[in-house]
>>> print(open('input.txt').read())   # compact mmCIF, C-alpha atoms
# COMPACT_ATOMS: atom_id res chain seq x y z
CA MET A 1 80.06 112.27 114.86
CA HIS A 2 82.94 111.54 117.20
CA GLY A 3 82.28 108.73 119.67
CA PRO A 4 83.33 105.28 120.82
CA ALA A 5 82.42 103.78 117.44
CA THR A 6 84.64 106.22 115.53
CA PRO A 7 87.33 104.15 113.75
CA LYS A 8 90.94 104.79 114.76
CA PHE A 9 93.91 104.41 112.46
CA ASN A 10 97.65 104.33 113.08
CA ASN A 11 100.67 104.57 110.84
CA ASP A 12 103.16 102.25 112.54
CA VAL A 13 104.62 101.23 109.17
CA GLY A 14 105.31 104.84 108.20
CA VAL A 15 103.58 104.93 104.81
CA ALA A 16 102.83 108.29 103.19
CA GLU A 17 99.22 107.37 102.35
CA ILE A 18 96.51 105.22 103.94
CA ARG A 19 93.30 104.33 102.15
CA ILE A 20 90.26 103.98 104.41
CA GLY A 21 86.56 103.23 104.03
CA VAL A 22 85.25 106.09 106.19
CA LYS A 23 85.32 109.87 106.02
CA GLU A 24 85.16 110.49 109.79
CA PHE A 25 87.88 108.90 111.90
CA GLU A 26 90.67 109.38 114.42
CA CYS A 27 94.38 109.37 113.68
CA MET A 28 96.63 108.35 116.53
CA GLY A 29 99.97 108.40 114.69
CA ALA A 30 101.60 105.24 115.99
CA THR A 31 100.32 102.79 118.56
CA PRO A 32 100.89 103.67 122.22
CA PRO A 33 103.23 104.55 123.76
CA ASN A 34 104.50 106.23 120.56
CA ASP A 35 101.17 107.81 119.62
CA HIS A 36 100.51 111.51 119.13
CA PRO A 37 97.39 113.23 120.51
CA HIS A 38 94.45 111.38 118.99
CA VAL A 39 92.90 113.79 116.52
CA TYR A 40 89.44 113.53 114.97
CA LEU A 41 89.42 114.14 111.22
CA ASP A 42 86.43 114.64 108.92
CA MET A 43 86.85 114.69 105.14
CA GLY A 44 83.45 116.33 104.67
CA ARG A 45 82.58 116.33 100.97
CA GLY A 46 86.19 115.71 100.03
CA THR A 47 88.06 112.43 99.67
CA GLU A 48 91.32 113.25 101.45
CA ALA A 49 92.53 114.47 104.82
CA ILE A 50 96.02 115.09 106.19
CA CYS A 51 96.77 114.56 109.86
CA PRO A 52 98.15 117.81 111.31
CA TYR A 53 100.41 115.87 113.70
CA CYS A 54 102.02 113.12 111.62
CA SER A 55 101.24 114.35 108.08
CA THR A 56 99.74 111.01 107.05
CA LEU A 57 97.52 111.42 103.99
CA TYR A 58 94.23 109.56 104.35
CA LYS A 59 92.25 108.83 101.19
CA PHE A 60 88.65 107.64 101.13
CA ASP A 61 88.15 104.38 99.22
CA ALA A 62 84.48 103.44 98.81
CA SER A 63 85.44 99.82 98.13
CA LEU A 64 86.64 99.45 101.75
CA LYS A 65 84.46 98.85 104.82
CA ALA A 66 84.63 101.12 107.88
CA ASP A 67 86.96 98.67 109.63
CA GLU A 68 89.32 98.21 106.67
CA ALA A 69 92.37 100.08 105.46
CA VAL A 70 95.25 99.71 103.02
CA PRO A 71 97.62 98.81 104.52
CA ALA A 72 95.48 96.58 106.77
CA SER A 73 97.83 97.16 109.72
CA ALA A 74 96.62 100.78 109.89
CA VAL A 75 93.33 99.76 111.53
CA HIS A 76 93.62 100.17 115.30
CA HIS A 77 91.85 97.48 117.27
CA ALA A 78 91.08 98.52 120.83
CA ARG A 79 92.07 95.94 123.38
CA GLU A 80 89.17 94.21 125.07
CA HIS A 81 89.09 94.47 128.85
CA ALA A 82 88.00 91.37 130.74
>>> encode(input="input.txt", output="structure tokens")
Amino acid sequence: MHGPATPKFNNDVGVAEIRIGVKEFECMGATPPNDHPHVYLDMGRGTEAICPYCSTLYKFDASLKADEAVPASAVHHAREHA
């Protein structure tokens, strides 16, 4: 389900493939201000999803946690507001 706890990933380094530890997530392309519309993707029973905006291929990797990715820089960490 989409919500504030849904992991977000970016592809600032421009790799063709990102391995992630979740099947439901958001792709934002690059980090702001160079991001595309943040799109929610769900792999369902599959193990791959392609972002319709940036064409990044996401592959599910069960050895990774929900907040991990390969490359590690693909995990988007929301800035904390004080």
>>> residues_near_point(input="input.txt", point="(101.1, 102.9, 118.8)", cutoff="10 Å", atoms="only C-alpha atoms", output="VMD selection string")
chain A and resid 9 to 12 28 to 36 76
>>> closest_residue(input="input.txt", among="A:Ile20, A:Ala49, A:Cys27, A:Leu41", to="A:Ala62", atoms="all atoms listed in the file")
A:Ile20
>>> atom_distance(input="input.txt", atom1="atom CA of A:Gly21", atom2="atom CA of A:Met43")
11.5 Å
>>> atom_distance(input="input.txt", atom1="atom CA of A:Leu57", atom2="atom CA of A:Ile18")
6.3 Å
>>> atom_distance(input="input.txt", atom1="atom CA of A:Tyr58", atom2="atom CA of A:Ala16")
8.8 Å
>>> residues_around(input="input.txt", residues="A:Val39", least_positions_apart="5", cutoff="9 Å", atoms="only C-alpha atoms", output="list in words")
Phe25, Glu26, Cys27, Met28, Cys51, Pro52 and Tyr53 of chain A
>>> axis_aligned_box(input="input.txt", around="stretch 44-59 of chain A", padding_each_side="8 Å", output="JSON")
{"center_x": 92.3, "center_y": 113.3, "center_z": 106.7, "size_x": 35.4, "size_y": 25.0, "size_z": 30.0}
>>> closest_residue(input="input.txt", among="A:Ala78, A:Val13, A:Cys54, A:Ala5", to="A:Ala66", atoms="all atoms listed in the file")
A:Ala5
>>> build_atoms(input="input.txt", residues="stretch 15-48 of chain A", atoms="N, CA and C atoms", output="mmCIF file, keeping the file's coordinate frame")
data_model
loop_
_atom_site.group_PDB
_atom_site.id
_atom_site.type_symbol
_atom_site.label_atom_id
_atom_site.label_comp_id
_atom_site.auth_asym_id
_atom_site.auth_seq_id
_atom_site.Cartn_x
_atom_site.Cartn_y
_atom_site.Cartn_z
ATOM 1 N N VAL A 15 103.907 104.662 106.206
ATOM 2 C CA VAL A 15 103.580 104.930 104.810
ATOM 3 C C VAL A 15 103.121 106.375 104.648
ATOM 4 N N ALA A 16 103.236 106.912 103.460
ATOM 5 C CA ALA A 16 102.830 108.290 103.190
ATOM 6 C C ALA A 16 101.318 108.418 103.052
ATOM 7 N N GLU A 17 100.650 107.327 102.662
ATOM 8 C CA GLU A 17 99.220 107.370 102.350
ATOM 9 C C GLU A 17 98.527 106.119 102.899
ATOM 10 N N ILE A 18 97.345 106.320 103.471
ATOM 11 C CA ILE A 18 96.510 105.220 103.940
ATOM 12 C C ILE A 18 95.134 105.380 103.328
ATOM 13 N N ARG A 19 94.658 104.326 102.702
ATOM 14 C CA ARG A 19 93.300 104.330 102.150
ATOM 15 C C ARG A 19 92.362 103.746 103.188
ATOM 16 N N ILE A 20 91.223 104.417 103.402
ATOM 17 C CA ILE A 20 90.260 103.980 104.410
ATOM 18 C C ILE A 20 88.846 104.040 103.855
ATOM 19 N N GLY A 21 87.942 103.315 104.500
ATOM 20 C CA GLY A 21 86.560 103.230 104.030
ATOM 21 C C GLY A 21 85.596 104.131 104.760
ATOM 22 N N VAL A 22 86.095 105.126 105.473
ATOM 23 C CA VAL A 22 85.250 106.090 106.190
ATOM 24 C C VAL A 22 85.776 107.494 105.943
ATOM 25 N N LYS A 23 84.904 108.474 106.176
ATOM 26 C CA LYS A 23 85.320 109.870 106.020
ATOM 27 C C LYS A 23 85.490 110.569 107.367
ATOM 28 N N GLU A 24 85.009 109.960 108.448
ATOM 29 C CA GLU A 24 85.160 110.490 109.790
ATOM 30 C C GLU A 24 85.905 109.464 110.621
ATOM 31 N N PHE A 25 87.018 109.867 111.232
ATOM 32 C CA PHE A 25 87.880 108.900 111.900
ATOM 33 C C PHE A 25 88.845 109.621 112.836
ATOM 34 N N GLU A 26 89.623 108.843 113.573
ATOM 35 C CA GLU A 26 90.670 109.380 114.420
ATOM 36 C C GLU A 26 92.027 108.872 113.937
ATOM 37 N N CYS A 27 92.995 109.760 113.931
ATOM 38 C CA CYS A 27 94.380 109.370 113.680
ATOM 39 C C CYS A 27 95.100 109.429 115.016
ATOM 40 N N MET A 28 95.885 108.398 115.278
ATOM 41 C CA MET A 28 96.630 108.350 116.530
ATOM 42 C C MET A 28 98.142 108.317 116.282
ATOM 43 N N GLY A 29 98.547 108.453 115.022
ATOM 44 C CA GLY A 29 99.970 108.400 114.690
ATOM 45 C C GLY A 29 100.444 106.966 114.734
ATOM 46 N N ALA A 30 101.148 106.614 115.772
ATOM 47 C CA ALA A 30 101.600 105.240 115.990
ATOM 48 C C ALA A 30 100.815 104.665 117.164
ATOM 49 N N THR A 31 100.999 103.387 117.412
ATOM 50 C CA THR A 31 100.320 102.790 118.560
ATOM 51 C C THR A 31 101.026 103.216 119.845
ATOM 52 N N PRO A 32 100.281 103.290 120.945
ATOM 53 C CA PRO A 32 100.890 103.670 122.220
ATOM 54 C C PRO A 32 102.042 102.734 122.574
ATOM 55 N N PRO A 33 103.078 103.229 123.153
ATOM 56 C CA PRO A 33 103.230 104.550 123.760
ATOM 57 C C PRO A 33 103.806 105.592 122.807
ATOM 58 N N ASN A 34 103.904 105.296 121.528
ATOM 59 C CA ASN A 34 104.500 106.230 120.560
ATOM 60 C C ASN A 34 103.459 107.040 119.793
ATOM 61 N N ASP A 35 102.233 107.088 120.299
ATOM 62 C CA ASP A 35 101.170 107.810 119.620
ATOM 63 C C ASP A 35 101.290 109.320 119.832
ATOM 64 N N HIS A 36 100.634 110.065 118.935
ATOM 65 C CA HIS A 36 100.510 111.510 119.130
ATOM 66 C C HIS A 36 99.110 111.758 119.681
ATOM 67 N N PRO A 37 98.756 112.996 120.053
ATOM 68 C CA PRO A 37 97.390 113.230 120.510
ATOM 69 C C PRO A 37 96.396 112.701 119.460
ATOM 70 N N HIS A 38 95.417 111.958 119.909
ATOM 71 C CA HIS A 38 94.450 111.380 118.990
ATOM 72 C C HIS A 38 93.565 112.501 118.452
ATOM 73 N N VAL A 39 93.593 112.671 117.142
ATOM 74 C CA VAL A 39 92.900 113.790 116.520
ATOM 75 C C VAL A 39 91.773 113.258 115.631
ATOM 76 N N TYR A 40 90.599 113.880 115.767
ATOM 77 C CA TYR A 40 89.440 113.530 114.970
ATOM 78 C C TYR A 40 89.513 114.275 113.644
ATOM 79 N N LEU A 41 89.370 113.539 112.550
ATOM 80 C CA LEU A 41 89.420 114.140 111.220
ATOM 81 C C LEU A 41 88.134 113.832 110.465
ATOM 82 N N ASP A 42 87.662 114.779 109.700
ATOM 83 C CA ASP A 42 86.430 114.640 108.920
ATOM 84 C C ASP A 42 86.713 115.167 107.523
ATOM 85 N N MET A 43 86.580 114.295 106.534
ATOM 86 C CA MET A 43 86.850 114.690 105.140
ATOM 87 C C MET A 43 85.730 115.539 104.556
ATOM 88 N N GLY A 44 84.577 115.562 105.205
ATOM 89 C CA GLY A 44 83.450 116.330 104.670
ATOM 90 C C GLY A 44 83.068 115.819 103.289
ATOM 91 N N ARG A 45 82.932 116.713 102.349
ATOM 92 C CA ARG A 45 82.580 116.330 100.970
ATOM 93 C C ARG A 45 83.785 115.884 100.162
ATOM 94 N N GLY A 46 84.962 116.069 100.722
ATOM 95 C CA GLY A 46 86.190 115.710 100.030
ATOM 96 C C GLY A 46 86.485 114.218 100.140
ATOM 97 N N THR A 47 87.639 113.837 99.633
ATOM 98 C CA THR A 47 88.060 112.430 99.670
ATOM 99 C C THR A 47 89.441 112.258 100.267
ATOM 100 N N GLU A 48 90.000 113.326 100.853
ATOM 101 C CA GLU A 48 91.320 113.250 101.450
ATOM 102 C C GLU A 48 91.388 114.107 102.711
#
